[in-house]
Structure formats: structure tokens, C-alpha cells
Amino acid sequence: MPTAPKPASENANPPASSPYVGNVVLVGAGKMGGALLEGWINLGVDPADIVVIEPQPAASIEALSARGLRINPAPASICPDAIVIAVKPQIAPEIMPHVASLMSPSTVVVSIMAGRTIAFLAGILPREAAVVRAMPNTPAAIGRGITVAVPNAQVDHAQLQLADTLLTATGAVEWIDDETLMDAVTAVSGSGPAYVFLLTESLARAGQEAGLPAELAQRLARATVMGSGELLQRSSIDPAVLRQNVTSPGGTTAAALNVLMAPDGLDRLMERAVAAATRRGRELAG
């Protein structure tokens with residue numbers, strides 16, 4: 001299994017010394033690409049070392065041009081150490097030839113496109129291209145994301161370190177060496193924030209059905225999910241133990257858990273949901 005060159009960062013606060021990342025090209029500056037860009041700048045990366053290729057850059061990104069960020073420059077002026085691809089997987093066939101034209105033999109390509117395999121990417125890029133496939137999630141926008149990444153055999157130690165630096169700008173990174181796990185990774189952590197948001201919605205609706213005013217139910221559900229997540233973040237205790245600590249025998253929590261933990265309850269429902277997302281990831285890969 002690949003070994004991450006350094007511990008994953010826990011937030012996007014700048015360190016005492018800025019990391020050197022060489023010249024980086026970001027292809028796609030939507031929500032996730034924008035989060036990465038913000039993370040790099042928060043780490044202290046010089047905007048002048050970054051090129052953004054984005055047909056419709058947000059005003060906040062355009063404003064960074066005053067600090068040296070280059071937006072959609074002439075291809076001949078680009079000599080990247082790393083290219084990070086943050087576009088929707090559906091437009092990959094259109095984008096990848098352009099990416100290939102920007103590469104030098106030492107460039108590492110980091111793709112966060114769901115479902116697009118290393119084999120797909122390598123089939124369009126120059127021969128022996130160094131490729132990292134990664135899957136972040138939306139809490140990257142606040143520096144609390146989790147990314148899983150897998151390199152191909154052409155990625156050397158320096159390129160692995162560079163990719164790790166770029167990805168840890170938005171949170172923790174887990175490195176694996178089995179790409180077949182990526183569809184399950186996408187189903188658990190990539191799509192997982194949506195499951196948590198749905199849980200919050202469902203809890204609020206259930207509170208309303210139990211008689212709470214809608215706004216109060218929303219506030220209670222939101223605060224409960226946020227606080228529980230923070231407790232998980234700060235505690236080394238297993239989630240099952242945390243659950244048990246809240247549950248008094250014969251009490252109200254136990255009554256609710258008897259429903260959620262029934263044979264056809266939350267475990268089974270989550271298994272089906274993750275399996276469905278995993279299947280869809282494989283379909284996207286073709």
C-alpha cells in the first residue's frame with residue numbers, strides 16, 4: 001500500500017512555512033475545484049504558481065488574478081509539475097486530450113473525476129504518464145474533507161508527495177493501492193455527506209410529526225448532527241461505544257434504536273444504498 005509522505009492535515013490553516021508545489025494547473029474550478037484552490041492558497045501556495053482552466057470562473061477566482069493567478073492562459077505558457085482535473089466525468093473525453101497536450105514527462109496528473117479509472121486516463125495521456133486517481137468529498141469546502149487516492153506504477157516518490165500536499169489542503173488523505181476499492185470509497189465517503197444531510201432532513205421531519213414546530217425541529221436536528229459529528233471527530237472512542245453511552249436500558253433512546261436496528265432497519269438500508277452507489281460508479285467507468 002502506498003505510504004503517505006506526511007500526516008494528513010486536519011484543517012486548511014497555513015503552516016509556519018509554505019509548501020513548494022511547483023507549477024500547478026487546475027482544470028475545472030467549480031465547487032470541488034474551487035475548494036482545492038482555496039485550500040492551496042490557505043496553505044500558503046503562491047497564486048502565481050497556479051493556473052486555472054475554467055470557461056466560466058467565479059468572481060472570487062477572477063479576483064485572484066490580481067495576486068498572480070493565471071486564468072485560461074495560452075497553452076504554450078504552461079509547464080506544469082501537476083495537473084489536477086476537477087471536472088464532471090461526463091466531459092472527460094472532451095477535456096483529456098487538452099490535458100495531455102499540457103504535460104511534460106515529469107508531470108503528475110491528479111484526477112478527482114468519479115468513475116473515471118486510471119486505465120481510462122492513461123489511455124488518453126502520453127505513454128507512461130504518472131496518474132493519481134482521487135475521491136474527495138464536499139466537506140473539503142471547509143477543510144474537513146476526506147480523500148482516498150490511488151497512484152499508478154509510474155508515480156514516483158516526489159510525485160506522490162506533491163499529490164499528497166495538494167490533496168491534504170482540504171483535509172485528510174488515505175492512500176490505497178487497490179483501485180477496485182474506489183467505487184466503494186465513492187459510495188461511502190464521496191456520496192456519504194448526502195446521506196448525513198438526508199438524515200438531518202429526516203430527523204427534522206420526524207420531529208415535526210411528533211409535534212415540534214418546524215423551525216425548532218430543524219434547529220434541533222441540525223445542531224444534533226453537527227454536535228455528534230464533532231464528538232466523533234474529537235473522540236477516539238468507537239462509534240458503537242458512543243452510541244451505547246447514550247442508551248439507557250429501557251429508555252427512550254433504546255426504544256428508538258429498537259426500530260433503527262431491526263433486521264430491516266438502518267443497517268440493511270445503508271447496505272442497499274452503498275451497494276447502489278457502488279454499482280453506479282462501476283457503470284460510470286464503463
# chains A, B, ... in the order shown; residues from 1 in each chain; ligands from 1
call {"tool": "residues_around", "arguments": {"residues": "range 184-187 of chain A", "least_positions_apart": "2", "cutoff": "7 Å", "atoms": "only C-alpha atoms", "output": "list of chain:residue names"}}
result
A:Met135, A:Leu181, A:Met182, A:Ser189, A:Gly190, A:Ser191, A:Gly192, A:Val274, A:Ala277, A:Thr278
call {"tool": "select_by_dssp", "arguments": {"residues": "range 62-221 of chain A", "states": "alpha helix (DSSP H)", "output": "ChimeraX atom specification"}}
result
/A:62-63,92-102,118-124,157-167,182-185,192-209,214-221
call {"tool": "write_last_selection", "arguments": {"atoms": "C-alpha atoms", "output": "PDB file, in the first residue's frame"}}
result
ATOM      1  CA  GLU A  62     -11.065  36.123 -11.162  1.00  0.00           C
ATOM      2  CA  ALA A  63     -10.156  38.393  -8.244  1.00  0.00           C
ATOM      3  CA  ALA A  92     -13.676  13.756 -19.614  1.00  0.00           C
ATOM      4  CA  PRO A  93     -13.393  12.584 -23.260  1.00  0.00           C
ATOM      5  CA  GLU A  94     -13.507  16.221 -24.342  1.00  0.00           C
ATOM      6  CA  ILE A  95     -11.075  17.509 -21.704  1.00  0.00           C
ATOM      7  CA  MET A  96      -8.416  14.790 -21.548  1.00  0.00           C
ATOM      8  CA  PRO A  97      -6.736  15.429 -24.942  1.00  0.00           C
ATOM      9  CA  HIS A  98      -6.212  19.043 -23.871  1.00  0.00           C
ATOM     10  CA  VAL A  99      -4.716  17.848 -20.578  1.00  0.00           C
ATOM     11  CA  ALA A 100      -2.391  15.521 -22.481  1.00  0.00           C
ATOM     12  CA  SER A 101      -1.152  18.410 -24.608  1.00  0.00           C
ATOM     13  CA  LEU A 102      -0.063  20.342 -21.495  1.00  0.00           C
ATOM     14  CA  ILE A 118      -6.602   5.136 -14.214  1.00  0.00           C
ATOM     15  CA  ALA A 119      -6.760   2.932 -17.331  1.00  0.00           C
ATOM     16  CA  PHE A 120      -9.173   5.380 -18.964  1.00  0.00           C
ATOM     17  CA  LEU A 121      -6.939   8.341 -18.130  1.00  0.00           C
ATOM     18  CA  ALA A 122      -3.714   6.602 -19.138  1.00  0.00           C
ATOM     19  CA  GLY A 123      -5.287   5.589 -22.436  1.00  0.00           C
ATOM     20  CA  ILE A 124      -5.546   9.253 -23.453  1.00  0.00           C
ATOM     21  CA  HIS A 157       8.016   9.317  -4.517  1.00  0.00           C
ATOM     22  CA  ALA A 158       8.347  13.024  -5.303  1.00  0.00           C
ATOM     23  CA  GLN A 159       5.154  12.979  -7.361  1.00  0.00           C
ATOM     24  CA  LEU A 160       3.346  11.088  -4.596  1.00  0.00           C
ATOM     25  CA  GLN A 161       4.482  13.709  -2.104  1.00  0.00           C
ATOM     26  CA  LEU A 162       3.319  16.512  -4.406  1.00  0.00           C
ATOM     27  CA  ALA A 163      -0.098  14.880  -4.904  1.00  0.00           C
ATOM     28  CA  ASP A 164      -0.412  14.365  -1.141  1.00  0.00           C
ATOM     29  CA  THR A 165       0.353  18.027  -0.469  1.00  0.00           C
ATOM     30  CA  LEU A 166      -2.240  19.169  -2.985  1.00  0.00           C
ATOM     31  CA  LEU A 167      -4.936  16.834  -1.666  1.00  0.00           C
ATOM     32  CA  MET A 182     -12.582   3.269  -5.396  1.00  0.00           C
ATOM     33  CA  ASP A 183     -16.210   2.639  -6.329  1.00  0.00           C
ATOM     34  CA  ALA A 184     -16.949   1.613  -2.731  1.00  0.00           C
ATOM     35  CA  VAL A 185     -14.932   4.601  -1.483  1.00  0.00           C
ATOM     36  CA  GLY A 192     -21.685   9.998   2.237  1.00  0.00           C
ATOM     37  CA  PRO A 193     -22.263  13.681   3.063  1.00  0.00           C
ATOM     38  CA  ALA A 194     -25.566  13.491   1.175  1.00  0.00           C
ATOM     39  CA  TYR A 195     -26.626  10.614   3.439  1.00  0.00           C
ATOM     40  CA  VAL A 196     -25.860  12.705   6.519  1.00  0.00           C
ATOM     41  CA  PHE A 197     -27.790  15.666   5.118  1.00  0.00           C
ATOM     42  CA  LEU A 198     -30.731  13.357   4.385  1.00  0.00           C
ATOM     43  CA  LEU A 199     -30.557  12.031   7.952  1.00  0.00           C
ATOM     44  CA  THR A 200     -30.797  15.620   9.181  1.00  0.00           C
ATOM     45  CA  GLU A 201     -33.827  16.251   6.975  1.00  0.00           C
ATOM     46  CA  SER A 202     -35.488  13.026   8.104  1.00  0.00           C
ATOM     47  CA  LEU A 203     -34.846  13.726  11.796  1.00  0.00           C
ATOM     48  CA  ALA A 204     -36.371  17.188  11.459  1.00  0.00           C
ATOM     49  CA  ARG A 205     -39.425  15.841   9.650  1.00  0.00           C
ATOM     50  CA  ALA A 206     -39.886  13.164  12.305  1.00  0.00           C
ATOM     51  CA  GLY A 207     -39.702  15.853  14.987  1.00  0.00           C
ATOM     52  CA  GLN A 208     -42.440  17.786  13.218  1.00  0.00           C
ATOM     53  CA  GLU A 209     -44.587  14.655  13.043  1.00  0.00           C
ATOM     54  CA  ALA A 214     -40.952  23.141  12.015  1.00  0.00           C
ATOM     55  CA  GLU A 215     -38.233  25.707  12.714  1.00  0.00           C
ATOM     56  CA  LEU A 216     -37.451  24.228  16.123  1.00  0.00           C
ATOM     57  CA  ALA A 217     -37.300  20.715  14.676  1.00  0.00           C
ATOM     58  CA  GLN A 218     -34.868  21.958  12.022  1.00  0.00           C
ATOM     59  CA  ARG A 219     -32.619  23.636  14.597  1.00  0.00           C
ATOM     60  CA  LEU A 220     -32.622  20.611  16.886  1.00  0.00           C
ATOM     61  CA  ALA A 221     -31.838  18.164  14.077  1.00  0.00           C
TER      62      ALA A 221
END
call {"tool": "atom_distance", "arguments": {"atom1": "CA of Gly281 in chain A", "atom2": "CA of Gly115 in chain A"}}
result
5.1 Å
call {"tool": "select_by_dssp", "arguments": {"residues": "range 38-109 of chain A", "states": "strand (DSSP E)", "output": "list in words"}}
result
Ile50, Val51, Val52, Ile53, Arg70, Ile71, Ala82, Ile83, Val84, Ile85, Val108 and Val109 of chain A
call {"tool": "residues_around", "arguments": {"residues": "Glu174 in chain A", "least_positions_apart": "4", "cutoff": "8 Å", "atoms": "only C-alpha atoms", "output": "compact mmCIF listing (two decimals) with N, CA and C atoms, in the first residue's frame"}}
result
# COMPACT_ATOMS: atom_id res chain seq x y z
N ALA A 4 1.66 7.52 2.62
CA ALA A 4 1.57 8.97 2.51
C ALA A 4 2.86 9.58 3.04
N ILE A 146 -12.37 14.31 3.48
CA ILE A 146 -11.57 13.09 3.49
C ILE A 146 -11.43 12.65 2.03
N THR A 147 -10.21 12.39 1.62
CA THR A 147 -9.92 11.99 0.25
C THR A 147 -9.23 10.63 0.28
N VAL A 148 -9.61 9.76 -0.63
CA VAL A 148 -8.91 8.49 -0.83
C VAL A 148 -8.25 8.56 -2.20
N ALA A 149 -6.98 8.15 -2.27
CA ALA A 149 -6.22 8.28 -3.50
C ALA A 149 -5.44 7.01 -3.80
